[in-house]
Amino acid sequence: MTSARSTRLGMRSLAATGTGVAALLLGLAAAPPAAVATPSAPAAAEAKAAAAPPAGTPAAVNGQLKVCGTKLCNRYGNPIQLRGMSSHGTQWYARCLTGGSLDALAKDWKADVLRVSTYVQEGGYETDPRKYTDLAHSLIEQATARGMYVIVDWHMLDPGDPHHNLARAKTFFTEIAQRHGSKTNLLYEIANEPSGVSWSRIKSYAEQLIPVIRAKDAETPILVGTRAWSSLGVSEGADESEIVANPVRASNIMYTFHFYAYSHRDAYLNTLSRAAGKLPVFVTEFGTQNYAGEGANDFAMSQRFLDLMAAKKISWVNWNFSDDHRSGAVFKSGTCSANGPWAGTGSLKPAGVWIRDRIRTADNFPTS
């Protein structure tokens, strides 16, 4: 994902120049800089009572997801494909995640899933753990109330070694899993885009963090980032074979893959195709532009990826549901500060029009 005022993915290594973070958070209450607290018993009870998504929504129909073989399956044991959107960094674009915009995503776009991107650095979680954990709690509840699945994205990017944030990740996911583990509409993405480190290093991180989550939540699928900015190693000259030969020692997990269609061509497409036959893969981020989430859209190459993912039941999330100035943000600049309009296509950039149309053609979720 690209940062609000910096480029993204590992190849996207430009320095951040974002300003005005506090103003962009629009009314989020300041919190004392204390350690992340365990939710109170009343709060936990309230969360459990609110755990059921509305009848007829994607999360209600499919229920608790689980990994079966190389697929993501619903409560009936049938492979499904989720389609949806990722937020931009919540430290910059919380203003784009309102009741109206989430209503539009769930009802007008007919999205199955929202990825909530909690950046660790770049003015995010590490600056105020309480504020950004509470914001994640709120967005999980709001998405649940609209019947969408939620990917809780631990958006580490730079440094690229996930171990740098291991202690923070344990604190964050312990609280998230304790408060929301009774819900049936979550997925935990534990490392957005590792880079510059070996697969064994990423695997070690996952095998230390996953038991911490499982102590609070035994059932929610966990999404593990892969080498070279979650490219299954392609961006650093590797491929899926290193994961196949040395998988994470845990059950009910999937491996993430990210691509940007203008920059990432057949080598990426072919790797995804091969990997999906050997590993459970979830595309937790992609764009129709270059690797920085900007520039011209390559809808033809993007459609090749989408066709492959449909054929192989690979779930996907597009980057990003904001009004950032880059072409990869779906809303025209100024839409969020004006509080919409959210529904329809009038406020959308070309990439937004294109991806909304494809999200609306939902998977046929089998229930028998």
# chains A, B, ... in the order shown; residues from 1 in each chain; ligands from 1
>>> residues_around(residues="Ser101 in chain A", least_positions_apart="3", cutoff="10 Å", atoms="only C-alpha atoms", output="VMD selection string")
chain A and resid 95 to 98 104 to 108 321 to 322 336 339 to 343
>>> residues_around(residues="range 330-333 of chain A", least_positions_apart="6", cutoff="10 Å", atoms="only C-alpha atoms", output="list in words")
Met85, Cys96, Asn318, Trp319, Asn320, Phe321, Ser322, Asp323, Asp324, Gly340, Pro341, Trp342, Thr345, Gly346, Ser347, Leu348, Lys349, Pro350, Ala351, Gly352, Val353, Trp354, Ile355 and Arg356 of chain A
>>> closest_residue(among="A:Thr288, A:Gln303, A:Ser315, A:Asn246", to="Ser204 in chain A", atoms="only C-alpha atoms")
A:Asn246
>>> atom_distance(atom1="CA of Ile314 in chain A", atom2="CA of Leu272 in chain A")
9.5 Å
>>> select_by_dssp(residues="range 63-188 of chain A", states="strand (DSSP E or B)", output="list in words")
Lys66, Val67, Cys68, Lys71, Leu72, Cys73, Pro79, Arg83, Gly84, Met85, Ser86, Val113, Leu114, Arg115, Val116, Ser117, Thr118, Tyr119, Tyr149, Val150, Ile151, Val152, Asp153, Trp154, His155, Leu186, Leu187 and Tyr188 of chain A
>>> residues_around(residues="Tyr132 in chain A", least_positions_apart="3", cutoff="8 Å", atoms="only C-alpha atoms", output="compact mmCIF listing (two decimals) with all heavy atoms, in the first residue's frame")
# COMPACT_ATOMS: atom_id res chain seq x y z
N THR A 90 -5.00 4.33 8.41
CA THR A 90 -6.03 4.98 9.22
C THR A 90 -5.51 6.22 9.94
O THR A 90 -6.31 7.04 10.40
CB THR A 90 -6.61 3.99 10.24
OG1 THR A 90 -5.54 3.44 11.04
CG2 THR A 90 -7.36 2.87 9.54
N GLN A 91 -4.20 6.40 10.00
CA GLN A 91 -3.68 7.63 10.59
C GLN A 91 -3.85 8.83 9.67
O GLN A 91 -3.79 9.98 10.12
CB GLN A 91 -2.21 7.46 11.00
CG GLN A 91 -1.19 7.55 9.87
CD GLN A 91 -0.96 6.22 9.17
OE1 GLN A 91 -1.88 5.43 8.99
NE2 GLN A 91 0.28 5.98 8.77
N THR A 118 -3.88 -0.74 9.69
CA THR A 118 -3.27 -0.05 10.81
C THR A 118 -1.77 -0.01 10.58
O THR A 118 -1.07 -1.00 10.82
CB THR A 118 -3.60 -0.74 12.14
OG1 THR A 118 -5.02 -0.76 12.33
CG2 THR A 118 -2.94 -0.02 13.31
N GLY A 124 1.73 6.08 12.62
CA GLY A 124 0.65 5.17 12.99
C GLY A 124 0.77 4.62 14.39
O GLY A 124 1.11 5.34 15.34
N TYR A 125 0.52 3.32 14.53
CA TYR A 125 0.35 2.67 15.82
C TYR A 125 1.42 3.02 16.84
O TYR A 125 1.11 3.30 18.00
CB TYR A 125 0.29 1.15 15.61
CG TYR A 125 0.21 0.34 16.87
CD1 TYR A 125 -1.02 0.02 17.43
CD2 TYR A 125 1.37 -0.11 17.51
CE1 TYR A 125 -1.09 -0.73 18.60
CE2 TYR A 125 1.30 -0.85 18.68
CZ TYR A 125 0.06 -1.17 19.22
OH TYR A 125 0.00 -1.90 20.37
N ASP A 128 0.87 6.11 19.03
CA ASP A 128 -0.24 6.15 20.00
C ASP A 128 -1.00 4.83 19.93
O ASP A 128 -2.05 4.74 19.28
CB ASP A 128 -1.16 7.32 19.70
CG ASP A 128 -2.13 7.61 20.85
OD1 ASP A 128 -2.40 6.69 21.65
OD2 ASP A 128 -2.62 8.75 20.95
N PRO A 129 -0.48 3.78 20.57
CA PRO A 129 -1.12 2.46 20.48
C PRO A 129 -2.60 2.48 20.87
O PRO A 129 -3.41 1.81 20.23
CB PRO A 129 -0.29 1.60 21.43
CG PRO A 129 1.05 2.24 21.44
CD PRO A 129 0.77 3.72 21.34
N LEU A 135 -9.32 2.70 17.20
CA LEU A 135 -9.84 2.94 15.87
C LEU A 135 -10.08 1.62 15.14
O LEU A 135 -11.11 1.43 14.48
CB LEU A 135 -8.89 3.82 15.07
CG LEU A 135 -9.31 4.18 13.64
CD1 LEU A 135 -10.72 4.77 13.61
CD2 LEU A 135 -8.31 5.16 13.02
N ALA A 136 -9.16 0.68 15.30
CA ALA A 136 -9.37 -0.65 14.70
C ALA A 136 -10.61 -1.31 15.30
O ALA A 136 -11.43 -1.89 14.56
CB ALA A 136 -8.14 -1.53 14.91
>>> select_by_dssp(residues="range 149-350 of chain A", states="helix (DSSP H, G or I)", output="ChimeraX atom specification")
/A:162-180,199-214,227-230,234-236,241-245,266-276,299-311,350
>>> write_last_selection(atoms="C-alpha atoms", output="mmCIF file, in the first residue's frame")
data_model
loop_
_atom_site.group_PDB
_atom_site.id
_atom_site.type_symbol
_atom_site.label_atom_id
_atom_site.label_comp_id
_atom_site.auth_asym_id
_atom_site.auth_seq_id
_atom_site.Cartn_x
_atom_site.Cartn_y
_atom_site.Cartn_z
ATOM 1 C CA PRO A 162 8.638 -8.016 10.904
ATOM 2 C CA HIS A 163 10.611 -8.906 14.037
ATOM 3 C CA HIS A 164 11.193 -5.174 14.525
ATOM 4 C CA ASN A 165 7.522 -4.893 15.541
ATOM 5 C CA LEU A 166 7.014 -8.301 17.162
ATOM 6 C CA ALA A 167 6.384 -7.014 20.680
ATOM 7 C CA ARG A 168 3.956 -4.391 19.390
ATOM 8 C CA ALA A 169 2.197 -7.009 17.252
ATOM 9 C CA LYS A 170 1.760 -9.311 20.239
ATOM 10 C CA THR A 171 0.168 -6.490 22.229
ATOM 11 C CA PHE A 172 -2.093 -5.386 19.385
ATOM 12 C CA PHE A 173 -3.337 -8.806 18.297
ATOM 13 C CA THR A 174 -3.800 -10.016 21.876
ATOM 14 C CA GLU A 175 -6.314 -7.244 22.470
ATOM 15 C CA ILE A 176 -7.963 -7.552 19.059
ATOM 16 C CA ALA A 177 -8.350 -11.324 19.411
ATOM 17 C CA GLN A 178 -9.606 -11.110 22.988
ATOM 18 C CA ARG A 179 -12.258 -8.543 22.149
ATOM 19 C CA HIS A 180 -13.353 -9.844 18.751
ATOM 20 C CA TRP A 199 11.617 -16.449 4.265
ATOM 21 C CA SER A 200 12.975 -18.241 7.348
ATOM 22 C CA ARG A 201 13.055 -14.908 9.177
ATOM 23 C CA ILE A 202 9.405 -14.196 8.279
ATOM 24 C CA LYS A 203 8.433 -17.741 9.225
ATOM 25 C CA SER A 204 10.099 -17.315 12.619
ATOM 26 C CA TYR A 205 8.062 -14.163 13.237
ATOM 27 C CA ALA A 206 4.820 -15.916 12.299
ATOM 28 C CA GLU A 207 5.552 -18.895 14.505
ATOM 29 C CA GLN A 208 6.103 -16.612 17.500
ATOM 30 C CA LEU A 209 3.017 -14.446 16.918
ATOM 31 C CA ILE A 210 0.445 -17.045 15.870
ATOM 32 C CA PRO A 211 0.386 -18.860 19.259
ATOM 33 C CA VAL A 212 -0.233 -15.518 20.980
ATOM 34 C CA ILE A 213 -3.318 -14.992 18.798
ATOM 35 C CA ARG A 214 -4.455 -18.590 19.171
ATOM 36 C CA ARG A 227 8.978 -12.407 1.159
ATOM 37 C CA ALA A 228 9.732 -9.380 -1.030
ATOM 38 C CA TRP A 229 6.753 -7.161 -0.240
ATOM 39 C CA SER A 230 4.354 -10.132 -0.177
ATOM 40 C CA VAL A 234 9.297 -12.761 -6.865
ATOM 41 C CA SER A 235 10.490 -9.193 -6.287
ATOM 42 C CA GLU A 236 13.725 -10.536 -4.797
ATOM 43 C CA SER A 241 8.944 -23.004 -3.696
ATOM 44 C CA GLU A 242 10.726 -21.822 -0.539
ATOM 45 C CA ILE A 243 7.388 -21.665 1.303
ATOM 46 C CA VAL A 244 6.244 -25.006 -0.091
ATOM 47 C CA ALA A 245 9.488 -26.564 1.166
ATOM 48 C CA ASP A 266 3.554 -12.399 -16.353
ATOM 49 C CA ALA A 267 6.190 -13.492 -13.837
ATOM 50 C CA TYR A 268 3.841 -12.414 -11.049
ATOM 51 C CA LEU A 269 0.753 -13.844 -12.734
ATOM 52 C CA ASN A 270 2.436 -17.200 -13.344
ATOM 53 C CA THR A 271 3.766 -17.358 -9.791
ATOM 54 C CA LEU A 272 0.309 -16.717 -8.377
ATOM 55 C CA SER A 273 -1.158 -19.387 -10.638
ATOM 56 C CA ARG A 274 1.410 -22.005 -9.591
ATOM 57 C CA ALA A 275 1.320 -21.096 -5.923
ATOM 58 C CA ALA A 276 -2.463 -21.332 -5.706
ATOM 59 C CA PHE A 299 -7.087 -2.625 -16.832
ATOM 60 C CA ALA A 300 -6.273 -5.356 -19.369
ATOM 61 C CA MET A 301 -3.500 -6.858 -17.243
ATOM 62 C CA SER A 302 -5.598 -6.367 -14.121
ATOM 63 C CA GLN A 303 -8.413 -8.337 -15.711
ATOM 64 C CA ARG A 304 -6.027 -11.211 -16.443
ATOM 65 C CA PHE A 305 -5.238 -11.364 -12.738
ATOM 66 C CA LEU A 306 -8.926 -11.158 -11.819
ATOM 67 C CA ASP A 307 -9.815 -13.935 -14.253
ATOM 68 C CA LEU A 308 -7.151 -16.168 -12.716
ATOM 69 C CA MET A 309 -8.304 -15.385 -9.191
ATOM 70 C CA ALA A 310 -11.918 -16.127 -10.095
ATOM 71 C CA ALA A 311 -10.978 -19.440 -11.680
ATOM 72 C CA PRO A 350 -11.460 5.584 -13.304
#
>>> residues_around(residues="Lys110 in chain A", least_positions_apart="4", cutoff="10 Å", atoms="only C-alpha atoms", output="list in words")
Thr57, Pro58, Arg83, Gly84, Asp103, Ala104, Leu105, Ala106, Met148, Arg356, Asp357, Arg358, Ile359, Arg360, Thr361 and Ala362 of chain A
>>> write_last_selection(atoms="N, CA and C atoms", output="CSV table (one decimal), in the first residue's frame")
chain,number,residue,atom,x,y,z
A,57,THR,N,-26.3,-11.1,4.7
A,57,THR,CA,-25.1,-10.4,4.3
A,57,THR,C,-24.0,-11.5,4.1
A,58,PRO,N,-22.9,-11.1,3.3
A,58,PRO,CA,-21.9,-12.1,3.1
A,58,PRO,C,-21.3,-12.8,4.3
A,83,ARG,N,-14.3,-10.6,-2.2
A,83,ARG,CA,-13.9,-9.4,-2.9
A,83,ARG,C,-14.2,-8.1,-2.1
A,84,GLY,N,-13.2,-7.3,-2.1
A,84,GLY,CA,-13.5,-6.0,-1.3
A,84,GLY,C,-12.4,-5.0,-1.5
A,103,ASP,N,-21.5,2.3,4.4
A,103,ASP,CA,-22.8,1.8,3.9
A,103,ASP,C,-22.7,1.6,2.4
A,104,ALA,N,-22.0,2.6,1.7
A,104,ALA,CA,-21.9,2.5,0.3
A,104,ALA,C,-21.1,1.3,-0.1
A,105,LEU,N,-20.0,1.0,0.6
A,105,LEU,CA,-19.1,-0.1,0.3
A,105,LEU,C,-19.9,-1.4,0.5
A,106,ALA,N,-20.7,-1.5,1.5
A,106,ALA,CA,-21.4,-2.8,1.8
A,106,ALA,C,-22.7,-2.9,0.9
A,148,MET,N,-19.9,-7.3,6.6
A,148,MET,CA,-18.7,-7.6,5.8
A,148,MET,C,-17.7,-8.3,6.7
A,356,ARG,N,-15.2,-1.1,-8.6
A,356,ARG,CA,-16.6,-1.2,-8.1
A,356,ARG,C,-17.4,-2.1,-8.9
A,357,ASP,N,-17.3,-2.0,-10.2
A,357,ASP,CA,-18.1,-2.9,-11.1
A,357,ASP,C,-17.7,-4.4,-10.9
A,358,ARG,N,-16.5,-4.6,-10.6
A,358,ARG,CA,-16.0,-6.0,-10.4
A,358,ARG,C,-16.3,-6.5,-9.0
A,359,ILE,N,-16.3,-5.7,-8.0
A,359,ILE,CA,-16.7,-6.1,-6.7
A,359,ILE,C,-18.2,-6.5,-6.7
A,360,ARG,N,-19.0,-5.8,-7.4
A,360,ARG,CA,-20.4,-5.9,-7.4
A,360,ARG,C,-20.9,-7.3,-8.0
A,361,THR,N,-20.0,-7.9,-8.8
A,361,THR,CA,-20.3,-9.2,-9.4
A,361,THR,C,-19.8,-10.3,-8.4
A,362,ALA,N,-20.6,-10.5,-7.3
A,362,ALA,CA,-20.1,-11.3,-6.2
A,362,ALA,C,-20.0,-12.8,-6.5
>>> closest_residue(among="A:Thr70, A:Ser117, A:Ser251, A:Gln64", to="Phe282 in chain A", atoms="only C-alpha atoms")
A:Thr70
>>> residues_around(residues="Val150 in chain A", least_positions_apart="4", cutoff="8 Å", atoms="only C-alpha atoms", output="ChimeraX atom specification")
/A:113-116,140,143-144,185-187
>>> closest_residue(among="A:Asn62, A:Ser182, A:Ser337, A:Asn290", to="Leu82 in chain A", atoms="only C-alpha atoms")
A:Asn62
>>> closest_residue(among="A:Glu122, A:Asp298, A:Asp112, A:Glu219", to="His264 in chain A", atoms="only C-alpha atoms")
A:Asp298
>>> closest_residue(among="A:Ala218, A:Ala145, A:Val197, A:Val224", to="Gly181 in chain A", atoms="only C-alpha atoms")
A:Ala218
>>> atom_distance(atom1="CA of Arg265 in chain A", atom2="CA of Asn297 in chain A")
13.3 Å
>>> atom_distance(atom1="CA of Trp109 in chain A", atom2="CA of Thr133 in chain A")
26.8 Å
>>> decode(residues="range 345-356 of chain A", atoms="all heavy atoms", output="short mmCIF file (atom, residue, chain, number, x, y, z; two decimals), in the first residue's frame")
data_model
loop_
_atom_site.label_atom_id
_atom_site.label_comp_id
_atom_site.auth_asym_id
_atom_site.auth_seq_id
_atom_site.Cartn_x
_atom_site.Cartn_y
_atom_site.Cartn_z
N THR A 345 -21.14 6.33 -9.06
CA THR A 345 -19.82 6.49 -9.66
C THR A 345 -19.39 7.95 -9.81
O THR A 345 -18.28 8.22 -10.26
CB THR A 345 -19.77 5.82 -11.04
OG1 THR A 345 -20.77 6.42 -11.89
CG2 THR A 345 -20.03 4.32 -10.94
N GLY A 346 -20.24 8.89 -9.42
CA GLY A 346 -19.95 10.30 -9.66
C GLY A 346 -18.70 10.80 -8.96
O GLY A 346 -18.03 11.71 -9.46
N SER A 347 -18.37 10.23 -7.80
CA SER A 347 -17.20 10.68 -7.04
C SER A 347 -15.97 9.80 -7.27
O SER A 347 -14.95 9.98 -6.61
CB SER A 347 -17.52 10.69 -5.54
OG SER A 347 -18.52 11.63 -5.24
N LEU A 348 -16.07 8.86 -8.20
CA LEU A 348 -15.00 7.88 -8.37
C LEU A 348 -14.04 8.24 -9.50
O LEU A 348 -14.45 8.75 -10.54
CB LEU A 348 -15.58 6.49 -8.66
CG LEU A 348 -16.50 5.90 -7.59
CD1 LEU A 348 -17.01 4.54 -8.04
CD2 LEU A 348 -15.77 5.79 -6.25
N LYS A 349 -12.77 7.96 -9.28
CA LYS A 349 -11.77 8.00 -10.35
C LYS A 349 -11.96 6.79 -11.26
O LYS A 349 -12.70 5.85 -10.90
CB LYS A 349 -10.36 7.98 -9.74
CG LYS A 349 -10.02 9.18 -8.89
CD LYS A 349 -8.67 8.98 -8.21
CE LYS A 349 -8.39 10.07 -7.20
NZ LYS A 349 -7.20 9.77 -6.38
N PRO A 350 -11.30 6.74 -12.41
CA PRO A 350 -11.46 5.58 -13.30
C PRO A 350 -11.20 4.24 -12.63
O PRO A 350 -11.93 3.27 -12.85
CB PRO A 350 -10.46 5.87 -14.42
CG PRO A 350 -10.41 7.36 -14.49
CD PRO A 350 -10.52 7.83 -13.06
N ALA A 351 -10.16 4.17 -11.80
CA ALA A 351 -9.88 2.91 -11.10
C ALA A 351 -11.03 2.54 -10.17
O ALA A 351 -11.35 1.35 -10.01
CB ALA A 351 -8.58 3.01 -10.32
N GLY A 352 -11.67 3.54 -9.56
CA GLY A 352 -12.78 3.28 -8.68
C GLY A 352 -13.99 2.75 -9.43
O GLY A 352 -14.66 1.81 -8.97
N VAL A 353 -14.28 3.33 -10.58
CA VAL A 353 -15.40 2.86 -11.40
C VAL A 353 -15.17 1.41 -11.80
O VAL A 353 -16.06 0.56 -11.72
CB VAL A 353 -15.58 3.75 -12.65
CG1 VAL A 353 -16.64 3.17 -13.57
CG2 VAL A 353 -15.93 5.17 -12.24
N TRP A 354 -13.94 1.11 -12.21
CA TRP A 354 -13.59 -0.23 -12.71
C TRP A 354 -13.70 -1.27 -11.59
O TRP A 354 -14.30 -2.33 -11.77
CB TRP A 354 -12.17 -0.20 -13.28
CG TRP A 354 -11.76 -1.42 -14.03
CD1 TRP A 354 -11.97 -1.69 -15.35
CD2 TRP A 354 -11.04 -2.55 -13.50
NE1 TRP A 354 -11.43 -2.91 -15.68
CE2 TRP A 354 -10.86 -3.46 -14.56
CE3 TRP A 354 -10.53 -2.88 -12.24
CZ2 TRP A 354 -10.19 -4.68 -14.40
CZ3 TRP A 354 -9.89 -4.09 -12.08
CH2 TRP A 354 -9.71 -4.97 -13.14
N ILE A 355 -13.13 -0.97 -10.44
CA ILE A 355 -13.11 -1.98 -9.38
C ILE A 355 -14.47 -2.13 -8.72
O ILE A 355 -14.87 -3.24 -8.34
CB ILE A 355 -12.01 -1.67 -8.34
CG1 ILE A 355 -11.68 -2.93 -7.53
CG2 ILE A 355 -12.40 -0.53 -7.41
CD1 ILE A 355 -11.10 -4.06 -8.35
N ARG A 356 -15.22 -1.05 -8.61
CA ARG A 356 -16.57 -1.17 -8.06
C ARG A 356 -17.40 -2.13 -8.88
O ARG A 356 -18.12 -2.98 -8.34
CB ARG A 356 -17.24 0.20 -8.02
CG ARG A 356 -18.73 0.20 -7.64
CD ARG A 356 -19.29 1.62 -7.69
NE ARG A 356 -20.73 1.67 -7.48
CZ ARG A 356 -21.64 1.56 -8.46
NH1 ARG A 356 -21.24 1.37 -9.72
NH2 ARG A 356 -22.93 1.64 -8.18
#
